[in-house]
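> Next comes the structure file start_10.txt, holding compact mmCIF, N, CA, C and O atoms.
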# COMPACT_ATOMS: atom_id res chain seq x y z
N MET B 1 123.00 99.37 106.13
CA MET B 1 122.91 100.53 107.00
C MET B 1 121.56 101.21 106.78
O MET B 1 121.11 101.35 105.65
N PRO B 2 120.96 101.67 107.86
CA PRO B 2 119.68 102.35 107.73
C PRO B 2 119.83 103.79 107.25
O PRO B 2 120.87 104.41 107.41
N ILE B 3 118.76 104.30 106.69
CA ILE B 3 118.70 105.70 106.26
C ILE B 3 117.84 106.44 107.28
O ILE B 3 116.71 106.04 107.55
N TYR B 4 118.39 107.50 107.84
CA TYR B 4 117.68 108.30 108.83
C TYR B 4 117.28 109.63 108.22
O TYR B 4 117.97 110.17 107.37
N GLU B 5 116.16 110.16 108.70
CA GLU B 5 115.66 111.44 108.22
C GLU B 5 115.86 112.48 109.33
O GLU B 5 115.56 112.22 110.50
N PHE B 6 116.37 113.64 108.95
CA PHE B 6 116.64 114.72 109.90
C PHE B 6 115.96 116.00 109.44
O PHE B 6 115.66 116.17 108.27
N GLN B 7 115.72 116.91 110.41
CA GLN B 7 115.15 118.21 110.09
C GLN B 7 115.82 119.26 110.96
O GLN B 7 116.02 119.06 112.16
N CYS B 8 116.13 120.40 110.33
CA CYS B 8 116.71 121.52 111.05
C CYS B 8 115.58 122.30 111.71
O CYS B 8 114.61 122.67 111.04
N GLN B 9 115.69 122.56 112.99
CA GLN B 9 114.66 123.31 113.71
C GLN B 9 114.76 124.81 113.43
O GLN B 9 113.80 125.54 113.65
N ALA B 10 115.89 125.26 112.90
CA ALA B 10 116.07 126.69 112.61
C ALA B 10 115.46 127.07 111.26
O ALA B 10 114.68 128.00 111.16
N CYS B 11 115.82 126.33 110.19
CA CYS B 11 115.36 126.72 108.85
C CYS B 11 114.34 125.77 108.25
O CYS B 11 113.75 126.06 107.22
N GLY B 12 114.09 124.59 108.89
CA GLY B 12 113.10 123.65 108.39
C GLY B 12 113.63 122.72 107.31
O GLY B 12 112.86 121.91 106.78
N HIS B 13 114.91 122.80 106.95
CA HIS B 13 115.49 121.94 105.92
C HIS B 13 115.43 120.48 106.38
O HIS B 13 115.82 120.15 107.49
N ARG B 14 114.92 119.62 105.49
CA ARG B 14 114.85 118.18 105.76
C ARG B 14 115.87 117.47 104.88
O ARG B 14 115.99 117.78 103.70
N PHE B 15 116.57 116.47 105.44
CA PHE B 15 117.55 115.71 104.68
C PHE B 15 117.66 114.31 105.24
O PHE B 15 117.30 114.04 106.38
N ASP B 16 118.12 113.41 104.39
CA ASP B 16 118.33 112.01 104.76
C ASP B 16 119.82 111.74 104.87
O ASP B 16 120.64 112.39 104.20
N ARG B 17 120.15 110.76 105.69
CA ARG B 17 121.56 110.40 105.84
C ARG B 17 121.66 108.90 106.06
O ARG B 17 120.97 108.33 106.91
N LEU B 18 122.54 108.26 105.27
CA LEU B 18 122.83 106.84 105.41
C LEU B 18 123.95 106.72 106.43
O LEU B 18 125.05 107.24 106.21
N GLN B 19 123.68 106.09 107.55
CA GLN B 19 124.70 105.97 108.60
C GLN B 19 124.49 104.72 109.41
O GLN B 19 123.39 104.16 109.44
N LYS B 20 125.54 104.27 110.07
CA LYS B 20 125.46 103.12 110.96
C LYS B 20 124.65 103.51 112.19
O LYS B 20 124.54 104.69 112.54
N MET B 21 124.08 102.52 112.85
CA MET B 21 123.29 102.81 114.05
C MET B 21 124.16 103.41 115.15
O MET B 21 123.68 104.20 115.95
N ALA B 22 125.42 103.04 115.18
CA ALA B 22 126.32 103.53 116.23
C ALA B 22 126.89 104.92 115.90
O ALA B 22 127.46 105.56 116.78
N ASP B 23 126.74 105.39 114.66
CA ASP B 23 127.27 106.70 114.29
C ASP B 23 126.47 107.81 114.96
O ASP B 23 125.26 107.70 115.12
N PRO B 24 127.14 108.90 115.35
CA PRO B 24 126.41 110.02 115.95
C PRO B 24 125.59 110.76 114.89
O PRO B 24 125.95 110.81 113.72
N ASP B 25 124.46 111.32 115.31
CA ASP B 25 123.63 112.11 114.40
C ASP B 25 124.36 113.42 114.05
O ASP B 25 125.18 113.91 114.83
N PRO B 26 124.06 113.98 112.89
CA PRO B 26 124.70 115.26 112.53
C PRO B 26 124.27 116.35 113.51
O PRO B 26 123.13 116.36 114.00
N GLU B 27 125.20 117.25 113.80
CA GLU B 27 124.91 118.32 114.76
C GLU B 27 124.52 119.62 114.08
O GLU B 27 123.79 120.41 114.66
N THR B 28 125.02 119.83 112.86
CA THR B 28 124.73 121.10 112.19
C THR B 28 123.98 120.84 110.89
O THR B 28 124.16 119.83 110.23
N CYS B 29 123.14 121.80 110.51
CA CYS B 29 122.35 121.72 109.29
C CYS B 29 123.24 121.97 108.08
O CYS B 29 124.01 122.94 108.08
N PRO B 30 123.17 121.13 107.04
CA PRO B 30 123.98 121.37 105.85
C PRO B 30 123.51 122.59 105.04
O PRO B 30 124.25 123.11 104.23
N SER B 31 122.31 123.07 105.30
CA SER B 31 121.76 124.20 104.56
C SER B 31 122.12 125.54 105.21
O SER B 31 122.64 126.44 104.54
N CYS B 32 121.85 125.66 106.51
CA CYS B 32 122.08 126.96 107.16
C CYS B 32 123.23 126.95 108.16
O CYS B 32 123.67 128.02 108.60
N GLY B 33 123.72 125.77 108.56
CA GLY B 33 124.85 125.69 109.47
C GLY B 33 124.49 125.80 110.94
O GLY B 33 125.36 125.78 111.81
N GLU B 34 123.22 125.92 111.27
CA GLU B 34 122.79 126.03 112.67
C GLU B 34 122.87 124.67 113.35
O GLU B 34 122.58 123.64 112.74
N PRO B 35 123.21 124.65 114.64
CA PRO B 35 123.30 123.38 115.37
C PRO B 35 121.97 122.95 115.99
O PRO B 35 121.90 122.63 117.17
N ARG B 36 120.91 122.93 115.20
CA ARG B 36 119.58 122.59 115.72
C ARG B 36 118.94 121.49 114.88
O ARG B 36 117.80 121.60 114.46
N VAL B 37 119.66 120.39 114.67
CA VAL B 37 119.18 119.27 113.86
C VAL B 37 118.61 118.19 114.77
O VAL B 37 119.20 117.86 115.81
N SER B 38 117.45 117.64 114.39
CA SER B 38 116.86 116.55 115.16
C SER B 38 116.43 115.43 114.23
O SER B 38 116.07 115.66 113.08
N ARG B 39 116.48 114.21 114.74
CA ARG B 39 116.08 113.04 113.96
C ARG B 39 114.56 112.96 113.93
O ARG B 39 113.89 113.18 114.93
N GLN B 40 114.01 112.62 112.77
CA GLN B 40 112.57 112.51 112.58
C GLN B 40 112.16 111.04 112.59
O GLN B 40 112.92 110.17 112.19
N LEU B 41 110.93 110.79 113.01
CA LEU B 41 110.37 109.45 112.91
C LEU B 41 109.60 109.38 111.61
O LEU B 41 108.76 110.23 111.33
N SER B 42 109.91 108.40 110.79
CA SER B 42 109.24 108.28 109.50
C SER B 42 108.94 106.81 109.24
O SER B 42 109.54 105.92 109.82
N ALA B 43 107.99 106.58 108.34
CA ALA B 43 107.59 105.22 108.00
C ALA B 43 108.66 104.57 107.14
O ALA B 43 109.31 105.24 106.33
N PRO B 44 108.85 103.26 107.27
CA PRO B 44 109.81 102.58 106.40
C PRO B 44 109.32 102.59 104.96
O PRO B 44 108.13 102.69 104.70
N GLN B 45 110.23 102.45 104.03
CA GLN B 45 109.89 102.52 102.62
C GLN B 45 109.61 101.15 102.02
O GLN B 45 109.71 100.97 100.83
N PHE B 46 109.27 100.17 102.83
CA PHE B 46 108.93 98.85 102.33
C PHE B 46 107.78 98.29 103.15
O PHE B 46 107.52 98.75 104.25
N ARG B 47 107.11 97.31 102.60
CA ARG B 47 105.99 96.69 103.29
C ARG B 47 106.12 95.18 103.12
O ARG B 47 106.33 94.69 102.02
N LEU B 48 105.97 94.47 104.20
CA LEU B 48 106.03 93.02 104.15
C LEU B 48 104.61 92.50 103.93
O LEU B 48 103.72 92.79 104.72
N ALA B 49 104.40 91.78 102.86
CA ALA B 49 103.07 91.27 102.55
C ALA B 49 103.20 89.83 102.09
O ALA B 49 104.26 89.39 101.68
N GLY B 50 102.12 89.12 102.16
CA GLY B 50 102.13 87.74 101.68
C GLY B 50 101.51 86.81 102.70
O GLY B 50 100.99 87.22 103.72
N GLY B 51 101.62 85.54 102.41
CA GLY B 51 101.00 84.53 103.25
C GLY B 51 101.83 84.11 104.44
O GLY B 51 101.39 83.31 105.25
N GLY B 52 103.02 84.59 104.58
CA GLY B 52 103.83 84.24 105.73
C GLY B 52 105.30 84.15 105.37
O GLY B 52 105.71 84.35 104.23
N TRP B 53 106.10 83.88 106.36
CA TRP B 53 107.54 83.74 106.18
C TRP B 53 107.86 82.26 106.04
O TRP B 53 107.32 81.42 106.77
N TYR B 54 108.72 81.95 105.12
CA TYR B 54 109.11 80.57 104.91
C TYR B 54 110.53 80.36 105.41
O TYR B 54 111.34 81.28 105.42
N GLU B 55 110.80 79.14 105.81
CA GLU B 55 112.12 78.79 106.35
C GLU B 55 113.20 79.21 105.35
O GLU B 55 114.21 79.75 105.72
N THR B 56 112.97 78.93 104.12
CA THR B 56 113.85 79.41 103.06
C THR B 56 113.08 79.39 101.76
O THR B 56 112.23 78.55 101.53
N ASP B 57 113.36 80.32 100.91
CA ASP B 57 112.71 80.35 99.60
C ASP B 57 113.63 79.76 98.53
O ASP B 57 113.33 79.83 97.36
N PHE B 58 114.74 79.19 98.94
CA PHE B 58 115.72 78.70 97.98
C PHE B 58 115.95 77.19 98.10
O PHE B 58 116.98 76.69 97.73
N LYS B 59 114.97 76.48 98.63
CA LYS B 59 115.11 75.02 98.72
C LYS B 59 114.89 74.41 97.35
O LYS B 59 114.28 75.00 96.47
N LYS B 60 115.38 73.20 97.20
CA LYS B 60 115.16 72.47 95.95
C LYS B 60 113.70 72.12 95.82
O LYS B 60 112.95 72.13 96.79
N ASP B 61 113.27 71.78 94.62
CA ASP B 61 111.87 71.47 94.38
C ASP B 61 111.38 70.27 95.20
O ASP B 61 110.22 70.21 95.58
N GLY B 62 112.26 69.32 95.49
CA GLY B 62 111.85 68.14 96.24
C GLY B 62 111.72 68.39 97.73
O GLY B 62 111.07 67.63 98.44
N ASP B 63 112.32 69.46 98.25
CA ASP B 63 112.25 69.75 99.68
C ASP B 63 110.92 70.42 100.00
O ASP B 63 110.36 71.15 99.20
N LYS B 64 110.43 70.15 101.20
CA LYS B 64 109.15 70.74 101.61
C LYS B 64 109.40 72.08 102.28
O LYS B 64 110.22 72.20 103.18
N LYS B 65 108.67 73.09 101.82
CA LYS B 65 108.77 74.39 102.46
C LYS B 65 107.87 74.39 103.69
O LYS B 65 106.79 73.84 103.68
N ARG B 66 108.34 75.00 104.74
CA ARG B 66 107.59 75.04 105.99
C ARG B 66 107.25 76.49 106.29
O ARG B 66 108.14 77.33 106.37
N ASN B 67 105.98 76.80 106.45
CA ASN B 67 105.53 78.14 106.75
C ASN B 67 105.81 78.42 108.22
O ASN B 67 105.29 77.73 109.09
N LEU B 68 106.60 79.44 108.52
CA LEU B 68 106.98 79.72 109.90
C LEU B 68 105.87 80.39 110.68
O LEU B 68 105.97 80.52 111.90
N THR B 69 104.79 80.81 110.03
CA THR B 69 103.68 81.41 110.76
C THR B 69 102.70 80.35 111.23
O THR B 69 101.77 80.65 111.94
N GLU B 70 102.92 79.09 110.84
CA GLU B 70 102.05 78.00 111.28
C GLU B 70 102.30 77.71 112.75
O GLU B 70 103.41 77.90 113.25
N GLY B 71 101.29 77.25 113.44
CA GLY B 71 101.44 76.88 114.83
C GLY B 71 102.24 75.60 114.96
O GLY B 71 102.68 74.99 113.99
N SER B 72 102.42 75.13 116.18
CA SER B 72 103.21 73.92 116.40
C SER B 72 102.52 72.68 115.85
O SER B 72 103.16 71.67 115.61
N SER B 73 101.21 72.75 115.63
CA SER B 73 100.49 71.60 115.10
C SER B 73 100.65 71.49 113.58
O SER B 73 100.23 70.51 113.00
N GLY B 74 101.22 72.52 112.96
CA GLY B 74 101.40 72.50 111.52
C GLY B 74 100.22 73.06 110.77
O GLY B 74 100.21 73.12 109.56
N ALA B 75 99.18 73.46 111.49
CA ALA B 75 97.99 74.03 110.84
C ALA B 75 98.22 75.51 110.60
O ALA B 75 98.77 76.19 111.45
N PRO B 76 97.83 76.03 109.46
CA PRO B 76 98.01 77.45 109.22
C PRO B 76 97.13 78.28 110.13
O PRO B 76 96.13 77.80 110.67
N ALA B 77 97.50 79.53 110.29
CA ALA B 77 96.71 80.44 111.10
C ALA B 77 95.33 80.58 110.48
O ALA B 77 95.17 80.51 109.27
N ALA B 78 94.34 80.79 111.32
CA ALA B 78 92.96 80.89 110.84
C ALA B 78 92.80 82.12 109.96
O ALA B 78 93.18 83.21 110.33
N ALA B 79 92.28 81.91 108.79
CA ALA B 79 92.02 83.00 107.86
C ALA B 79 90.59 82.87 107.38
O ALA B 79 90.09 81.76 107.22
N PRO B 80 89.92 83.99 107.15
CA PRO B 80 88.54 83.88 106.68
C PRO B 80 88.49 83.24 105.31
O PRO B 80 89.28 83.54 104.43
N ALA B 81 87.55 82.31 105.16
CA ALA B 81 87.39 81.62 103.87
C ALA B 81 86.65 82.53 102.92
O ALA B 81 85.75 83.26 103.32
N PRO B 82 87.02 82.53 101.64
CA PRO B 82 86.31 83.37 100.69
C PRO B 82 84.88 82.86 100.52
O PRO B 82 84.62 81.67 100.56
N ALA B 83 83.96 83.80 100.34
CA ALA B 83 82.56 83.42 100.18
C ALA B 83 82.38 82.74 98.83
O ALA B 83 82.83 83.21 97.81
N ALA B 84 81.72 81.58 98.86
CA ALA B 84 81.48 80.84 97.63
C ALA B 84 80.27 81.43 96.94
O ALA B 84 79.22 81.61 97.54
N SER B 85 80.41 81.74 95.68
CA SER B 85 79.27 82.27 94.94
C SER B 85 78.69 81.14 94.10
O SER B 85 79.41 80.37 93.48
N PRO B 86 77.37 81.02 94.09
CA PRO B 86 76.76 79.93 93.32
C PRO B 86 76.98 80.15 91.83
O PRO B 86 77.02 81.28 91.36
N ALA B 87 77.11 79.05 91.11
CA ALA B 87 77.32 79.13 89.66
C ALA B 87 76.02 79.58 89.02
O ALA B 87 74.93 79.17 89.43
N PRO B 88 76.09 80.44 88.01
CA PRO B 88 74.86 80.88 87.36
C PRO B 88 74.21 79.71 86.63
O PRO B 88 74.86 78.82 86.11
N ALA B 89 72.88 79.73 86.61
CA ALA B 89 72.14 78.66 85.96
C ALA B 89 72.35 78.75 84.46
O ALA B 89 72.34 79.83 83.88
N ALA B 90 72.56 77.59 83.85
CA ALA B 90 72.81 77.57 82.41
C ALA B 90 71.49 77.82 81.68
O ALA B 90 70.47 77.20 81.97
N SER B 91 71.51 78.75 80.75
CA SER B 91 70.31 79.01 79.98
C SER B 91 70.42 78.25 78.66
O SER B 91 71.50 78.08 78.13
N PRO B 92 69.30 77.79 78.14
CA PRO B 92 69.36 77.02 76.89
C PRO B 92 69.82 77.91 75.74
O PRO B 92 69.50 79.07 75.69
N ALA B 93 70.59 77.31 74.86
CA ALA B 93 71.10 78.06 73.70
C ALA B 93 69.95 78.32 72.73
O ALA B 93 69.08 77.48 72.55
N PRO B 94 69.92 79.50 72.12
CA PRO B 94 68.85 79.78 71.16
C PRO B 94 68.97 78.84 69.96
O PRO B 94 70.06 78.52 69.49
N ALA B 95 67.81 78.41 69.48
CA ALA B 95 67.79 77.49 68.33
C ALA B 95 68.12 78.24 67.06
O ALA B 95 67.70 79.37 66.86
N ALA B 96 68.89 77.61 66.24
CA ALA B 96 69.27 78.24 64.97
C ALA B 96 68.12 78.11 63.98
O ALA B 96 67.45 77.09 63.89
N LYS B 97 67.86 79.18 63.24
CA LYS B 97 66.80 79.14 62.22
C LYS B 97 67.29 78.40 61.01
O LYS B 97 68.43 78.57 60.59
N SER B 98 66.43 77.61 60.47
CA SER B 98 66.83 76.89 59.27
C SER B 98 66.21 77.59 58.05
O SER B 98 65.07 78.01 58.08
N SER B 99 66.97 77.74 57.05
CA SER B 99 66.45 78.38 55.83
C SER B 99 66.05 77.31 54.85
O SER B 99 66.77 76.36 54.60
N ASP B 100 64.86 77.40 54.31
CA ASP B 100 64.34 76.41 53.37
C ASP B 100 64.59 76.82 51.97
O ASP B 100 64.52 77.78 51.42
Show me the file's structure as structure tokens.

Amino acid sequence: MPIYEFQCQACGHRFDRLQKMADPDPETCPSCGEPRVSRQLSAPQFRLAGGGWYETDFKKDGDKKRNLTEGSSGAPAAAPAPAASPAPAASPAPAAKSSD
């Protein structure tokens, strides 16, 4: 069930409510009792990140995972390649002094 955010237009009290999508919104404010409650638009509390969605993340090791963001040709979506940095030139090691 989703969590909805509400605010009373009379007193400014903000509250959350866990309810089914088909349930009616609350009509009265739990703080002041006024019938001026409205649903607020708020950002979700999660973020989807990563390289894509997989058919399943619970396949056996021998099964091939298929990235669902790949096109029909099976090629992954174009992503910028990381810039290759040249390897630093090796400097000669300092010679050890010999004590006589």
> CA of Tyr4 (chain B) to CA of Pro44 (chain B): how many Å, to one decimal?
10.0 Å
> Calculated over only C-alpha atoms, which of the candidates B:Met1, B:Pro26, B:Asp16, B:Cys11 has the smallest distance to Ser38 (chain B)?
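Checking each of B:Met1, B:Pro26, B:Asp16, B:Cys11 against Ser38 (chain B), counting only C-alpha atoms, the winner is B:Pro26.
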> Work out how far atom C of Asp25 (chain B) is from atom O of Gly12 (chain B), in Å to one decimal.
16.0 Å
> Rounded to one decimal place, report the CA of Ser31 (chain B)-CA of His13 (chain B) distance in Å.
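CA of Ser31 (chain B) sits 6.8 Å away from CA of His13 (chain B).
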